[in-house]
$ cat work08.cif   # mmCIF, C-alpha atoms
data_query
loop_
_atom_site.label_atom_id
_atom_site.label_comp_id
_atom_site.auth_asym_id
_atom_site.auth_seq_id
_atom_site.Cartn_x
_atom_site.Cartn_y
_atom_site.Cartn_z
CA MET A 17 -50.19 83.18 193.70
CA SER A 18 -50.09 86.94 194.25
CA ASP A 19 -53.24 89.06 194.53
CA GLY A 20 -55.18 85.99 193.40
CA VAL A 21 -53.33 85.74 190.05
CA PRO A 22 -50.99 82.83 189.31
CA GLU A 23 -47.41 84.00 188.78
CA THR A 24 -47.17 81.92 185.59
CA THR A 25 -49.73 84.17 183.89
CA ARG A 26 -47.75 87.26 184.84
CA ASP A 27 -44.61 85.84 183.23
CA TRP A 28 -46.09 84.76 179.89
CA ILE A 29 -43.87 85.76 176.96
CA PRO A 30 -45.14 85.46 173.39
CA PRO A 31 -43.13 83.39 170.89
CA GLY A 32 -40.19 85.21 169.35
CA GLU A 33 -41.66 85.26 165.84
CA TRP A 34 -44.77 87.17 167.00
CA ARG A 35 -44.81 90.92 166.43
CA ARG A 36 -45.03 92.87 169.70
CA LEU A 37 -46.33 96.45 169.46
CA ARG A 38 -45.93 98.69 172.48
CA THR A 39 -48.21 101.67 173.00
CA VAL A 40 -49.13 104.33 175.51
CA ASP A 41 -52.77 105.44 175.34
CA VAL A 42 -54.22 108.81 176.26
CA HIS A 43 -57.47 110.62 175.72
CA THR A 44 -57.79 114.28 174.82
CA ALA A 45 -61.16 115.72 175.84
CA GLY A 46 -62.56 112.20 175.44
CA GLU A 47 -61.00 111.41 172.04
CA PRO A 48 -58.56 108.46 172.14
CA LEU A 49 -54.94 108.56 171.04
CA ARG A 50 -52.90 105.34 170.88
CA ILE A 51 -49.20 106.28 170.70
CA VAL A 52 -47.00 103.56 169.19
CA THR A 53 -43.76 103.55 171.18
CA GLY A 54 -42.06 100.38 169.92
CA GLY A 55 -42.19 97.14 167.97
CA MET A 56 -42.27 98.39 164.38
CA ASP A 57 -39.84 99.45 161.68
CA GLU A 58 -38.99 103.15 161.49
CA PRO A 59 -40.84 104.78 158.57
CA ALA A 60 -38.48 105.63 155.72
CA GLY A 61 -38.26 109.05 154.11
CA ALA A 62 -36.49 112.39 154.34
CA THR A 63 -39.70 114.31 155.08
CA ILE A 64 -42.74 113.58 157.23
CA LEU A 65 -44.93 113.42 154.12
CA GLU A 66 -42.56 110.86 152.57
CA ARG A 67 -42.75 108.79 155.76
CA ARG A 68 -46.55 109.06 155.68
CA ARG A 69 -46.58 107.68 152.14
CA TRP A 70 -44.11 104.92 153.09
CA LEU A 71 -46.32 103.79 155.97
CA HIS A 72 -49.32 103.56 153.68
CA GLU A 73 -47.40 101.58 151.07
CA HIS A 74 -45.28 99.29 153.27
CA LEU A 75 -46.64 98.99 156.81
CA ASP A 76 -50.37 99.68 156.72
CA GLU A 77 -51.05 96.44 158.61
CA VAL A 78 -49.77 98.11 161.80
CA ARG A 79 -52.41 100.82 161.44
CA THR A 80 -55.23 98.35 160.84
CA ALA A 81 -54.05 96.00 163.59
CA LEU A 82 -54.12 98.78 166.20
CA MET A 83 -57.02 100.89 164.95
CA TRP A 84 -59.47 98.17 163.86
CA GLU A 85 -61.11 95.38 165.82
CA PRO A 86 -60.26 93.28 167.80
CA ARG A 87 -57.52 95.52 169.31
CA GLY A 88 -59.21 98.79 168.47
CA HIS A 89 -62.58 99.96 167.19
CA ARG A 90 -64.04 102.20 164.49
CA GLU A 91 -63.52 105.34 166.58
CA MET A 92 -59.89 104.58 167.56
CA TYR A 93 -57.21 107.10 166.71
CA GLY A 94 -53.44 106.78 166.98
CA CYS A 95 -50.01 108.06 166.08
CA ILE A 96 -46.53 106.79 165.30
CA LEU A 97 -43.45 108.62 166.52
CA THR A 98 -40.55 109.35 164.18
CA PRO A 99 -37.26 111.24 164.48
CA PRO A 100 -37.53 114.95 163.60
CA VAL A 101 -36.84 116.20 160.09
CA GLU A 102 -36.84 119.97 160.66
CA ALA A 103 -34.02 121.81 162.41
CA GLY A 104 -35.04 122.62 165.96
CA SER A 105 -37.81 120.00 166.18
CA ASP A 106 -37.84 117.43 168.98
CA PHE A 107 -39.66 114.58 167.20
CA GLY A 108 -42.10 113.85 164.43
CA VAL A 109 -45.54 112.27 164.46
CA LEU A 110 -47.72 110.44 161.94
CA PHE A 111 -51.44 110.20 162.68
CA LEU A 112 -53.59 107.07 162.16
CA HIS A 113 -57.34 106.50 161.98
CA ASN A 114 -59.88 104.04 160.63
CA GLU A 115 -59.41 105.13 157.01
CA GLY A 116 -55.75 106.05 156.75
CA TYR A 117 -53.34 108.81 157.78
CA SER A 118 -54.40 112.36 158.57
CA THR A 119 -52.20 115.35 157.84
CA MET A 120 -52.57 117.07 161.20
CA CYS A 121 -54.50 116.45 164.42
CA GLY A 122 -55.06 118.95 167.20
CA HIS A 123 -56.30 116.50 169.81
CA GLY A 124 -53.36 114.29 168.85
CA ILE A 125 -50.87 117.10 169.44
CA ILE A 126 -52.38 117.86 172.84
CA GLY A 127 -52.26 114.14 173.67
CA ILE A 128 -48.68 113.51 172.55
CA ALA A 129 -47.47 116.74 174.16
CA THR A 130 -49.05 115.61 177.43
CA ALA A 131 -47.34 112.22 177.20
CA ALA A 132 -44.01 113.45 175.77
CA PRO A 133 -42.25 114.27 179.07
CA HIS A 134 -43.36 110.92 180.53
CA LEU A 135 -41.93 109.15 177.46
CA ASP A 136 -38.62 111.09 177.68
CA LEU A 137 -39.25 112.66 174.29
CA VAL A 138 -38.52 116.00 175.96
CA PRO A 139 -37.28 116.75 179.49
CA PHE A 140 -39.77 117.84 182.14
CA ALA A 141 -39.62 121.57 182.87
CA GLU A 142 -41.91 123.38 185.26
CA PRO A 143 -44.06 125.44 184.85
CA GLU A 144 -43.82 124.97 181.05
CA THR A 145 -42.37 122.18 178.92
CA ALA A 146 -41.95 123.41 175.36
CA MET A 147 -41.53 121.18 172.31
CA ARG A 148 -41.57 121.43 168.52
CA ILE A 149 -43.25 118.61 166.62
CA ASP A 150 -42.99 117.79 162.92
CA THR A 151 -46.34 116.83 161.36
CA PRO A 152 -47.32 116.13 157.74
CA ALA A 153 -48.92 119.59 157.60
CA GLY A 154 -45.80 121.28 158.96
CA PRO A 155 -44.08 121.88 162.31
CA VAL A 156 -46.18 122.90 165.31
CA GLU A 157 -45.08 124.27 168.65
CA ALA A 158 -46.63 122.88 171.83
CA VAL A 159 -46.30 123.85 175.48
CA ALA A 160 -47.26 121.47 178.28
CA LEU A 161 -48.28 123.36 181.42
CA VAL A 162 -46.71 121.44 184.30
CA GLU A 163 -47.60 121.56 187.98
CA ALA A 164 -46.19 119.25 190.66
CA GLY A 165 -44.63 117.01 188.03
CA GLN A 166 -47.88 116.53 186.09
CA VAL A 167 -49.11 118.03 182.83
CA ARG A 168 -52.32 119.87 183.61
CA ARG A 169 -53.09 121.46 180.23
CA THR A 170 -51.42 121.84 176.85
CA ARG A 171 -51.54 124.54 174.21
CA PHE A 172 -50.14 124.40 170.70
CA ARG A 173 -49.45 126.90 167.93
CA ASN A 174 -50.84 125.31 164.79
CA VAL A 175 -49.81 125.55 161.15
CA PRO A 176 -51.19 128.55 159.24
CA SER A 177 -54.95 128.12 158.82
CA PHE A 178 -57.03 129.73 156.10
CA VAL A 179 -60.36 129.96 154.32
CA ASP A 180 -60.77 128.41 150.91
CA THR A 181 -64.40 129.40 150.22
CA LEU A 182 -67.22 131.01 152.20
CA ASP A 183 -70.91 130.34 151.54
CA ALA A 184 -70.40 127.65 148.93
CA VAL A 185 -73.41 125.57 147.91
CA VAL A 186 -73.50 121.88 147.01
CA ASN A 187 -76.38 119.63 146.06
CA VAL A 188 -76.41 116.64 148.42
CA PRO A 189 -78.53 113.59 147.50
CA GLY A 190 -81.40 113.30 149.97
CA LEU A 191 -80.69 116.72 151.48
CA GLY A 192 -80.92 119.18 148.57
CA GLU A 193 -78.82 122.32 148.45
CA VAL A 194 -76.44 122.66 151.41
CA ARG A 195 -74.51 125.83 152.23
CA TYR A 196 -71.02 125.35 153.65
CA ASP A 197 -67.69 127.06 154.32
CA LEU A 198 -64.49 125.30 153.29
CA ALA A 199 -61.44 125.99 155.44
CA PHE A 200 -58.06 124.49 156.34
CA GLY A 201 -56.66 124.08 159.86
CA GLY A 202 -54.08 121.40 159.12
CA ALA A 203 -56.75 119.50 157.18
CA TYR A 204 -59.70 120.65 155.08
CA TYR A 205 -63.23 120.67 156.50
CA ALA A 206 -66.67 121.59 155.19
CA PHE A 207 -68.42 123.59 157.93
CA VAL A 208 -72.22 123.57 158.09
CA GLN A 209 -74.80 124.93 160.52
CA ALA A 210 -76.39 122.11 162.51
CA ALA A 211 -79.70 123.99 162.69
CA ASP A 212 -80.05 123.62 158.91
CA PHE A 213 -80.64 119.90 159.57
CA ASP A 214 -82.61 120.27 162.83
CA LEU A 215 -79.60 119.08 164.80
CA ARG A 216 -78.22 120.29 168.15
CA CYS A 217 -75.01 118.20 168.03
CA THR A 218 -75.88 115.99 171.00
CA ALA A 219 -74.86 112.39 171.64
CA ASP A 220 -78.34 111.02 170.90
CA GLU A 221 -77.97 112.41 167.34
CA HIS A 222 -74.81 110.37 166.76
CA ASP A 223 -76.15 108.23 163.89
CA ARG A 224 -77.81 111.16 162.07
CA LEU A 225 -74.65 113.25 162.38
CA ILE A 226 -72.64 110.47 160.73
CA ARG A 227 -75.15 109.91 157.95
CA ILE A 228 -75.59 113.59 157.10
CA GLY A 229 -71.94 114.47 157.64
CA MET A 230 -70.68 111.75 155.32
CA ALA A 231 -73.28 112.60 152.67
CA ILE A 232 -72.05 116.21 152.69
CA LYS A 233 -68.39 115.15 152.61
CA HIS A 234 -68.89 112.84 149.65
CA ALA A 235 -70.98 115.43 147.76
CA VAL A 236 -68.34 118.13 148.19
CA MET A 237 -65.59 115.72 147.11
CA VAL A 238 -67.49 114.95 143.90
CA ASP A 239 -68.46 118.57 143.29
CA ARG A 240 -65.06 120.26 143.43
CA PRO A 241 -61.32 119.68 143.50
CA ILE A 242 -59.49 120.76 146.64
CA GLU A 243 -55.97 122.05 146.11
CA HIS A 244 -53.64 123.18 148.87
CA PRO A 245 -51.67 126.31 147.86
CA ARG A 246 -48.30 124.63 148.48
CA GLU A 247 -48.50 120.88 149.05
CA PRO A 248 -50.57 118.51 146.85
CA ASP A 249 -50.65 115.80 149.54
CA LEU A 250 -52.70 118.11 151.78
CA GLY A 251 -55.38 118.77 149.15
CA TYR A 252 -58.30 116.59 150.17
CA LEU A 253 -61.46 116.89 152.27
CA TYR A 254 -61.00 115.27 155.67
CA GLY A 255 -64.45 115.76 157.15
CA THR A 256 -67.61 117.71 157.84
CA ILE A 257 -67.96 119.88 160.95
CA PHE A 258 -71.37 120.81 162.33
CA ILE A 259 -71.59 124.11 164.21
CA ALA A 260 -74.26 124.57 166.88
CA PRO A 261 -75.01 126.93 169.77
CA PRO A 262 -73.41 125.96 173.09
CA LEU A 263 -75.20 123.83 175.63
CA SER A 264 -72.91 124.72 178.54
CA ALA A 265 -72.32 127.94 180.47
CA GLY A 266 -69.17 129.88 179.61
CA VAL A 267 -68.89 128.31 176.14
CA ASP A 268 -69.16 130.16 172.82
CA SER A 269 -70.09 127.36 170.42
CA ARG A 270 -70.27 123.60 169.79
CA ASN A 271 -68.39 121.56 167.17
CA VAL A 272 -69.03 118.02 166.02
CA CYS A 273 -66.63 116.66 163.41
CA ILE A 274 -67.44 113.66 161.22
CA PHE A 275 -64.15 112.61 159.64
CA ALA A 276 -62.33 109.78 157.85
CA ASP A 277 -64.75 106.87 157.30
CA GLY A 278 -67.56 108.11 159.54
CA GLN A 279 -65.60 108.66 162.76
CA VAL A 280 -67.14 111.03 165.31
CA ASP A 281 -64.61 113.17 167.15
CA ARG A 282 -65.31 113.17 170.89
CA SER A 283 -63.20 116.30 171.27
CA PRO A 284 -63.97 119.73 169.78
CA THR A 285 -61.38 118.95 167.03
CA GLY A 286 -58.22 121.06 167.31
CA THR A 287 -57.70 121.42 163.58
CA GLY A 288 -61.41 122.22 163.23
CA VAL A 289 -61.13 124.92 165.90
CA SER A 290 -58.13 126.31 163.98
CA ALA A 291 -60.09 126.40 160.72
CA ARG A 292 -63.04 128.03 162.48
CA LEU A 293 -60.76 130.76 163.81
CA ALA A 294 -59.71 131.42 160.20
CA ILE A 295 -63.36 131.65 159.15
CA HIS A 296 -64.32 134.01 161.98
CA HIS A 297 -61.24 136.15 161.39
CA THR A 298 -62.03 136.40 157.67
CA ARG A 299 -65.60 137.45 158.49
CA GLY A 300 -64.33 140.07 160.95
CA GLU A 301 -65.91 138.27 163.90
CA ILE A 302 -62.73 137.67 165.94
CA GLY A 303 -59.53 139.64 166.29
CA PRO A 304 -55.98 138.85 167.42
CA GLY A 305 -55.84 137.65 171.01
CA GLU A 306 -59.59 137.14 171.34
CA GLU A 307 -60.62 133.70 172.59
CA MET A 308 -63.32 131.24 171.62
CA VAL A 309 -64.29 128.34 173.86
CA ILE A 310 -65.76 125.50 171.81
CA GLU A 311 -67.33 122.38 173.25
CA SER A 312 -67.63 118.87 171.85
CA ILE A 313 -70.47 116.40 171.48
CA ILE A 314 -69.78 115.25 175.06
CA GLY A 315 -69.30 118.75 176.50
CA THR A 316 -65.48 118.82 176.75
CA THR A 317 -63.82 122.03 175.59
CA PHE A 318 -60.90 123.55 173.70
CA THR A 319 -59.98 127.23 173.82
CA GLY A 320 -58.82 128.80 170.57
CA ARG A 321 -57.31 132.18 169.80
CA VAL A 322 -55.70 133.96 166.83
CA ILE A 323 -52.14 134.95 167.73
CA ASP A 324 -50.82 136.15 164.37
CA THR A 325 -51.47 136.39 160.65
CA ALA A 326 -49.57 134.88 157.75
CA THR A 327 -49.93 133.81 154.13
CA VAL A 328 -49.85 130.39 152.53
CA GLY A 329 -48.73 130.99 149.00
CA GLU A 330 -50.86 134.04 148.23
CA VAL A 331 -53.73 133.03 150.55
CA PRO A 332 -54.25 135.09 153.74
CA ALA A 333 -54.03 132.91 156.85
CA VAL A 334 -54.02 133.08 160.64
CA ILE A 335 -51.74 131.42 163.16
CA PRO A 336 -54.10 129.78 165.64
CA GLU A 337 -53.36 128.59 169.16
CA VAL A 338 -55.50 125.86 170.70
CA GLU A 339 -55.52 124.77 174.33
CA GLY A 340 -57.00 121.70 176.04
CA SER A 341 -56.18 118.83 178.34
CA ALA A 342 -55.34 115.15 177.97
CA HIS A 343 -54.90 112.23 180.36
CA LEU A 344 -52.91 109.00 180.15
CA THR A 345 -55.15 105.93 180.21
CA GLY A 346 -52.91 102.91 179.71
CA ARG A 347 -49.68 101.24 178.71
CA HIS A 348 -49.99 98.23 176.44
CA GLU A 349 -48.14 95.52 174.58
CA PHE A 350 -50.18 94.14 171.72
CA VAL A 351 -49.09 90.88 170.14
CA ILE A 352 -49.80 89.63 166.63
CA ASP A 353 -49.95 85.89 166.13
CA PRO A 354 -48.85 85.25 162.51
CA ASP A 355 -51.32 82.34 162.34
CA ASP A 356 -54.27 84.56 163.34
CA PRO A 357 -56.52 85.01 160.28
CA LEU A 358 -57.67 88.34 161.75
CA ALA A 359 -54.17 89.55 162.63
CA GLU A 360 -54.52 92.73 160.56
CA GLY A 361 -57.89 93.63 162.05
CA PHE A 362 -61.41 93.94 160.70
CA PHE A 363 -64.53 96.10 160.84
CA LEU A 364 -68.05 94.84 161.29
CA GLY A 365 -70.11 96.85 158.83
#

$ encode --input "work08.cif" --output "structure tokens"
Amino acid sequence: MSDGVPETTRDWIPPGEWRRLRTVDVHTAGEPLRIVTGGMDEPAGATILERRRWLHEHLDEVRTALMWEPRGHREMYGCILTPPVEAGSDFGVLFLHNEGYSTMCGHGIIGIATAAPHLDLVPFAEPETAMRIDTPAGPVEAVALVEAGQVRRTRFRNVPSFVDTLDAVVNVPGLGEVRYDLAFGGAYYAFVQAADFDLRCTADEHDRLIRIGMAIKHAVMVDRPIEHPREPDLGYLYGTIFIAPPLSAGVDSRNVCIFADGQVDRSPTGTGVSARLAIHHTRGEIGPGEEMVIESIIGTTFTGRVIDTATVGEVPAVIPEVEGSAHLTGRHEFVIDPDDPLAEGFFLG
């Protein structure tokens, strides 16, 4: 016995035929990120998008096993590391959620960039540890701000972000006509004003936010095609983002993102902040170098700024930079018993 625990329990090793998945978990502004560090085949493909498709077609049971119950939950989020594909990149990442595989994730980049030096993906450098990460939406550049051997905050330069449509209108069953902006920040979002639905984007409104957000998402998906100017795989609506006035001092606005199959982002949504910067820049409401501090449903914050302009195809775009913090929460080895009828996970409802 040691610390009241029998040594035999400490030494238990699962049978050799069981799959063993190793992860490191972090949270970014309250939103989870489960980083798969070992125990699975390397995704095949010459590009990150090809590897994303391969995962979906050949190894989706890893996603469901780690994101769904009993090892995860409906709100779980994760990523799988891959070797880089672009010259100058340090590694690649594929994002996982309850419905499938997202194309880009701001909270995920902040989380993996925070963990990367600890995982020897990049060497520690103080005061800044820089890295380049391949994502399905394109390469992003992240900088971990290091103090006394610990990552305190992280900022990343996102893929070009742009407006598709301002002040669009869609008829939503049960809600009537809804006005929204459609913009891309690594994924497409429909942005709506929370006040139009008597919402303040608080935690007690969780269920209503999901119901209304998913109704808007589905209505927009039925109403119009969404086509990315360059890459067909990026052309789909990822979620609905509600915009509300801030509830905290020193904050400019509040974001609540309802994405995938009704997930509620606990963070302010890094790709959503990027898309919002594109909207505000297009409307002439924010200029290069100006900052916006946006809080989440739980009051955590990201800071966003426009650092440059660009084009995607012929579409005007901005280069956004988003900053926030993440914290490591655990190191795990999950095992999958091949005789377990629920080995690939499940959802209740």

$ residues_around --input "work08.cif" --residues "Thr317 in chain A" --least-positions-apart "2" --cutoff "9 Å" --atoms "all atoms listed in the file" --output "list in words"
Ala45, Val267, Arg270, Ser283, Pro284, Val309, Ile310, Glu311, Ser312, Gly315, Thr319, Glu339, Gly340 and Ser341 of chain A

$ write_last_selection --input "work08.cif" --atoms "C-alpha atoms" --output "PDB file, in the frame of the given file"
ATOM      1  CA  ALA A  45     -61.160 115.720 175.840  1.00  0.00           C
ATOM      2  CA  VAL A 267     -68.890 128.310 176.140  1.00  0.00           C
ATOM      3  CA  ARG A 270     -70.270 123.600 169.790  1.00  0.00           C
ATOM      4  CA  SER A 283     -63.200 116.300 171.270  1.00  0.00           C
ATOM      5  CA  PRO A 284     -63.970 119.730 169.780  1.00  0.00           C
ATOM      6  CA  VAL A 309     -64.290 128.340 173.860  1.00  0.00           C
ATOM      7  CA  ILE A 310     -65.760 125.500 171.810  1.00  0.00           C
ATOM      8  CA  GLU A 311     -67.330 122.380 173.250  1.00  0.00           C
ATOM      9  CA  SER A 312     -67.630 118.870 171.850  1.00  0.00           C
ATOM     10  CA  GLY A 315     -69.300 118.750 176.500  1.00  0.00           C
ATOM     11  CA  THR A 319     -59.980 127.230 173.820  1.00  0.00           C
ATOM     12  CA  GLU A 339     -55.520 124.770 174.330  1.00  0.00           C
ATOM     13  CA  GLY A 340     -57.000 121.700 176.040  1.00  0.00           C
ATOM     14  CA  SER A 341     -56.180 118.830 178.340  1.00  0.00           C
TER      15      SER A 341
END

$ closest_residue --input "work08.cif" --among "A:Met83, A:Val185, A:Ala276, A:Ala129" --to "Glu115 in chain A" --atoms "all atoms listed in the file"
A:Ala276

$ atom_distance --input "work08.cif" --atom1 "CA of Pro262 in chain A" --atom2 "CA of Asp183 in chain A"
22.1 Å

$ residues_around --input "work08.cif" --residues "Ala235 in chain A" --least-positions-apart "2" --cutoff "9 Å" --atoms "all atoms listed in the file" --output "PDB file with C-alpha atoms, in the coordinates of the input"
ATOM      1  CA  VAL A 186     -73.500 121.880 147.010  1.00  0.00           C
ATOM      2  CA  ASN A 187     -76.380 119.630 146.060  1.00  0.00           C
ATOM      3  CA  VAL A 188     -76.410 116.640 148.420  1.00  0.00           C
ATOM      4  CA  PRO A 189     -78.530 113.590 147.500  1.00  0.00           C
ATOM      5  CA  MET A 230     -70.680 111.750 155.320  1.00  0.00           C
ATOM      6  CA  ALA A 231     -73.280 112.600 152.670  1.00  0.00           C
ATOM      7  CA  ILE A 232     -72.050 116.210 152.690  1.00  0.00           C
ATOM      8  CA  LYS A 233     -68.390 115.150 152.610  1.00  0.00           C
ATOM      9  CA  MET A 237     -65.590 115.720 147.110  1.00  0.00           C
ATOM     10  CA  VAL A 238     -67.490 114.950 143.900  1.00  0.00           C
ATOM     11  CA  ASP A 239     -68.460 118.570 143.290  1.00  0.00           C
ATOM     12  CA  ARG A 240     -65.060 120.260 143.430  1.00  0.00           C
TER      13      ARG A 240
END

$ closest_residue --input "work08.cif" --among "A:Pro155, A:Gly202, A:Gly116, A:Pro86" --to "Ala333 in chain A" --atoms "only C-alpha atoms"
A:Gly202

$ residues_around --input "work08.cif" --residues "Gly229 in chain A" --least-positions-apart "3" --cutoff "9 Å" --atoms "all atoms listed in the file" --output "list in words"
Arg224, Leu225, Ile226, Ile232, Lys233, His234, Gly255, Thr256, Ile257, Phe258, Cys273, Ile274, Phe275 and Gly278 of chain A

$ resolve_selection --input "work08.cif" --expression "the PyMOL selection byres ((chain A and resi 348) around 8)" --output "list in words"
Arg38, Thr39, Val40, Asp41, Gly346, Arg347, Glu349 and Phe350 of chain A

$ atom_distance --input "work08.cif" --atom1 "CA of Ile51 in chain A" --atom2 "CA of Ile96 in chain A"
6.0 Å

$ resolve_selection --input "work08.cif" --expression "the PyMOL selection byres ((chain A and resi 134) around 12)" --output "number ranges by chain"
A: 40, 42, 53, 127-133, 135-141, 145, 160, 162, 165-167, 343-344, 347

$ write_last_selection --input "work08.cif" --atoms "C-alpha atoms" --output "CSV table (one decimal), in the coordinates of the input"
chain,number,residue,atom,x,y,z
A,40,VAL,CA,-49.1,104.3,175.5
A,42,VAL,CA,-54.2,108.8,176.3
A,53,THR,CA,-43.8,103.6,171.2
A,127,GLY,CA,-52.3,114.1,173.7
A,128,ILE,CA,-48.7,113.5,172.6
A,129,ALA,CA,-47.5,116.7,174.2
A,130,THR,CA,-49.0,115.6,177.4
A,131,ALA,CA,-47.3,112.2,177.2
A,132,ALA,CA,-44.0,113.4,175.8
A,133,PRO,CA,-42.2,114.3,179.1
A,135,LEU,CA,-41.9,109.2,177.5
A,136,ASP,CA,-38.6,111.1,177.7
A,137,LEU,CA,-39.2,112.7,174.3
A,138,VAL,CA,-38.5,116.0,176.0
A,139,PRO,CA,-37.3,116.8,179.5
A,140,PHE,CA,-39.8,117.8,182.1
A,141,ALA,CA,-39.6,121.6,182.9
A,145,THR,CA,-42.4,122.2,178.9
A,160,ALA,CA,-47.3,121.5,178.3
A,162,VAL,CA,-46.7,121.4,184.3
A,165,GLY,CA,-44.6,117.0,188.0
A,166,GLN,CA,-47.9,116.5,186.1
A,167,VAL,CA,-49.1,118.0,182.8
A,343,HIS,CA,-54.9,112.2,180.4
A,344,LEU,CA,-52.9,109.0,180.2
A,347,ARG,CA,-49.7,101.2,178.7

$ resolve_selection --input "work08.cif" --expression "the PyMOL selection byres ((chain A and resi 243-250) around 6)" --output "list of chain:residue names"
A:Ile242, A:Gly251, A:Gly329

$ atom_distance --input "work08.cif" --atom1 "CA of Thr218 in chain A" --atom2 "CA of Phe200 in chain A"
24.6 Å

$ decode --input "work08.cif" --residues "range 194-231 of chain A" --atoms "C-alpha atoms" --output "mmCIF file, in the first residue's frame"
data_model
loop_
_atom_site.group_PDB
_atom_site.id
_atom_site.type_symbol
_atom_site.label_atom_id
_atom_site.label_comp_id
_atom_site.auth_asym_id
_atom_site.auth_seq_id
_atom_site.Cartn_x
_atom_site.Cartn_y
_atom_site.Cartn_z
ATOM 1 C CA VAL A 194 -34.151 36.813 -38.920
ATOM 2 C CA ARG A 195 -31.454 39.276 -39.982
ATOM 3 C CA TYR A 196 -27.891 37.964 -39.968
ATOM 4 C CA ASP A 197 -24.362 38.578 -41.240
ATOM 5 C CA LEU A 198 -22.458 35.693 -42.820
ATOM 6 C CA ALA A 199 -18.682 35.751 -42.380
ATOM 7 C CA PHE A 200 -15.672 33.427 -42.436
ATOM 8 C CA GLY A 201 -12.907 33.284 -39.818
ATOM 9 C CA GLY A 202 -11.590 29.812 -40.606
ATOM 10 C CA ALA A 203 -15.185 28.552 -40.619
ATOM 11 C CA TYR A 204 -18.466 30.174 -41.652
ATOM 12 C CA TYR A 205 -20.828 31.633 -39.050
ATOM 13 C CA ALA A 206 -24.204 33.356 -39.132
ATOM 14 C CA PHE A 207 -24.020 36.320 -36.732
ATOM 15 C CA VAL A 208 -27.215 37.577 -35.098
ATOM 16 C CA GLN A 209 -28.021 40.154 -32.438
ATOM 17 C CA ALA A 210 -29.037 38.467 -29.190
ATOM 18 C CA ALA A 211 -31.414 41.325 -28.345
ATOM 19 C CA ASP A 212 -33.560 40.360 -31.351
ATOM 20 C CA PHE A 213 -34.528 37.246 -29.349
ATOM 21 C CA ASP A 214 -34.622 38.876 -25.891
ATOM 22 C CA LEU A 215 -31.354 37.169 -24.979
ATOM 23 C CA ARG A 216 -28.358 38.492 -23.024
ATOM 24 C CA CYS A 217 -26.086 35.483 -23.704
ATOM 25 C CA THR A 218 -25.902 34.303 -20.100
ATOM 26 C CA ALA A 219 -25.473 30.774 -18.778
ATOM 27 C CA ASP A 220 -29.094 30.506 -17.626
ATOM 28 C CA GLU A 221 -30.152 30.975 -21.280
ATOM 29 C CA HIS A 222 -28.122 27.930 -22.359
ATOM 30 C CA ASP A 223 -31.059 25.838 -23.622
ATOM 31 C CA ARG A 224 -32.728 28.728 -25.484
ATOM 32 C CA LEU A 225 -29.442 29.684 -27.125
ATOM 33 C CA ILE A 226 -29.054 26.138 -28.439
ATOM 34 C CA ARG A 227 -32.629 25.891 -29.681
ATOM 35 C CA ILE A 228 -32.638 29.269 -31.426
ATOM 36 C CA GLY A 229 -29.066 28.992 -32.670
ATOM 37 C CA MET A 230 -29.631 25.607 -34.283
ATOM 38 C CA ALA A 231 -32.922 26.735 -35.827
#
